[in-house]
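Single-structure report; data block below.
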Amino acid sequence: MIYLTRRATFSASHYYWNPAWTSEKNEQVFGRCANRNGHGHNYTLEVTVAGETDPVTGFVVDLKGLKEIMEREVLAAWDHRHLNLDTPEFAVAIPTTENLAIAAWKRLEPAVTAAGGARLNRVRVYETPEIFAEFRGEA
Amino acid sequence: MRAYFGRRYTISASHRLHTDALSAEENRTTYGKCNNPHGHGHNYGLEVVVAGAVNPETGMVVDMAALDEVVRSRVVDRFDHANLNLDPLFVNLVPTTENLSRVVFALLKEALPAGELERVRVEETENNFFECEGE
């Protein structure tokens, strides 16, 4: 089994807010991230697929095809957007890095599977160089 | 759903790789420059990965500020700008980065504010790193 990883970057804004809580509790739990005017990050999306190398091409997956899937399924929806206001998955869910990793997985998994040859193994989203979250498709 | 939260920290520390179990010549052969008598230092990169269910109320595996406080108080304050060889944990343990990753894992394992410790990765330089998953 070979694991192949491709990176892409996107820039987006967000805020953290749970509407079931008071303003005080939101500010206590989420700190500066609860500022309703939002703020932004340069995110890095890291997508890992797993599979066997094709005996003819030596590829696990066609990298150009994987890039197109990442751009179509994730970047087209999230890059230069406000995650809370512009994306359906974060109309309710809070756009934490954990939830971004899960949402990116859900966007990518059907297309990666349909492309054949490799399975989606891991999605990692960096909010800053020091903060990341991963999802591996576990329940 | 189970997800993983990762956070990076830096620690600047000195160490000398040397064991009394080997002769001076064997230490020199085994550890090379790292055996120089007065030690040397690194800017270590520390990566801590916490696994757990995403809390539906917060969208988080672990509260980052609470994790930062645990890592700062138990690991960074202890080793940053210190000589690893002089720490009680390394009195009988060579402060290789392998051993540092195990020591950090043990210091954090029971102290996390939420989730389980999945992995500790310590980067000694940009070109070498060591990971401990508690096995």
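Residues in the structure tokens are numbered from 1 in each chain, the chains being A, B, ... in the order shown, and ligands are numbered from 1 in the order shown.
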
message = With 6 Å as the limit and counting only C-alpha atoms, what residues in chain B lie close to chain A? Please list them as a list in words.
response = Met1, Arg2, Ala3, Tyr4, Phe5, Gly6, Arg7, Arg8 and Gly59 of chain B

Members of region 3-63 of chain B assigned strand (DSSP E) by DSSP, as a PyMOL selection string = chain B and resi 3-15+40-53

Export C-alpha atoms of the chosen residues as a PDB file, in the first residue's frame?
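Generated file (out.pdb):
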```
ATOM      1  CA  ALA B   3     -11.127  13.406  14.531  1.00  0.00           C
ATOM      2  CA  TYR B   4      -7.601  14.471  15.392  1.00  0.00           C
ATOM      3  CA  PHE B   5      -6.416  17.874  16.570  1.00  0.00           C
ATOM      4  CA  GLY B   6      -2.759  18.778  16.146  1.00  0.00           C
ATOM      5  CA  ARG B   7      -0.809  21.628  17.660  1.00  0.00           C
ATOM      6  CA  ARG B   8       2.824  22.681  17.274  1.00  0.00           C
ATOM      7  CA  TYR B   9       5.149  24.178  19.857  1.00  0.00           C
ATOM      8  CA  THR B  10       8.865  24.955  19.966  1.00  0.00           C
ATOM      9  CA  ILE B  11      11.419  24.205  22.646  1.00  0.00           C
ATOM     10  CA  SER B  12      15.022  25.416  22.653  1.00  0.00           C
ATOM     11  CA  ALA B  13      17.235  23.187  24.772  1.00  0.00           C
ATOM     12  CA  SER B  14      20.723  21.789  25.062  1.00  0.00           C
ATOM     13  CA  HIS B  15      21.841  18.215  25.507  1.00  0.00           C
ATOM     14  CA  HIS B  40      25.048  21.647  22.177  1.00  0.00           C
ATOM     15  CA  GLY B  41      21.504  22.837  21.499  1.00  0.00           C
ATOM     16  CA  HIS B  42      18.541  22.638  19.163  1.00  0.00           C
ATOM     17  CA  ASN B  43      15.314  24.420  18.408  1.00  0.00           C
ATOM     18  CA  TYR B  44      13.015  21.448  18.779  1.00  0.00           C
ATOM     19  CA  GLY B  45       9.643  21.376  17.065  1.00  0.00           C
ATOM     20  CA  LEU B  46       7.025  19.589  19.156  1.00  0.00           C
ATOM     21  CA  GLU B  47       3.797  18.356  17.589  1.00  0.00           C
ATOM     22  CA  VAL B  48       1.026  17.029  19.835  1.00  0.00           C
ATOM     23  CA  VAL B  49      -1.927  15.167  18.284  1.00  0.00           C
ATOM     24  CA  VAL B  50      -5.079  14.542  20.324  1.00  0.00           C
ATOM     25  CA  ALA B  51      -7.773  12.096  19.168  1.00  0.00           C
ATOM     26  CA  GLY B  52     -11.386  12.109  20.179  1.00  0.00           C
ATOM     27  CA  ALA B  53     -14.997  12.685  19.270  1.00  0.00           C
TER      28      ALA B  53
END
```

task = Name the residues of region 7-134 of chain B that come out as alpha helix (DSSP H) in a backbone DSSP run; write them as number ranges by chain.
result = B: 24-31, 64-71, 77-79, 97-109

ask   = Which value, in Å to one decimal, gives the distance between CA of Ala104 (chain A) and CA of Met1 (chain A)?
value = 23.1 Å
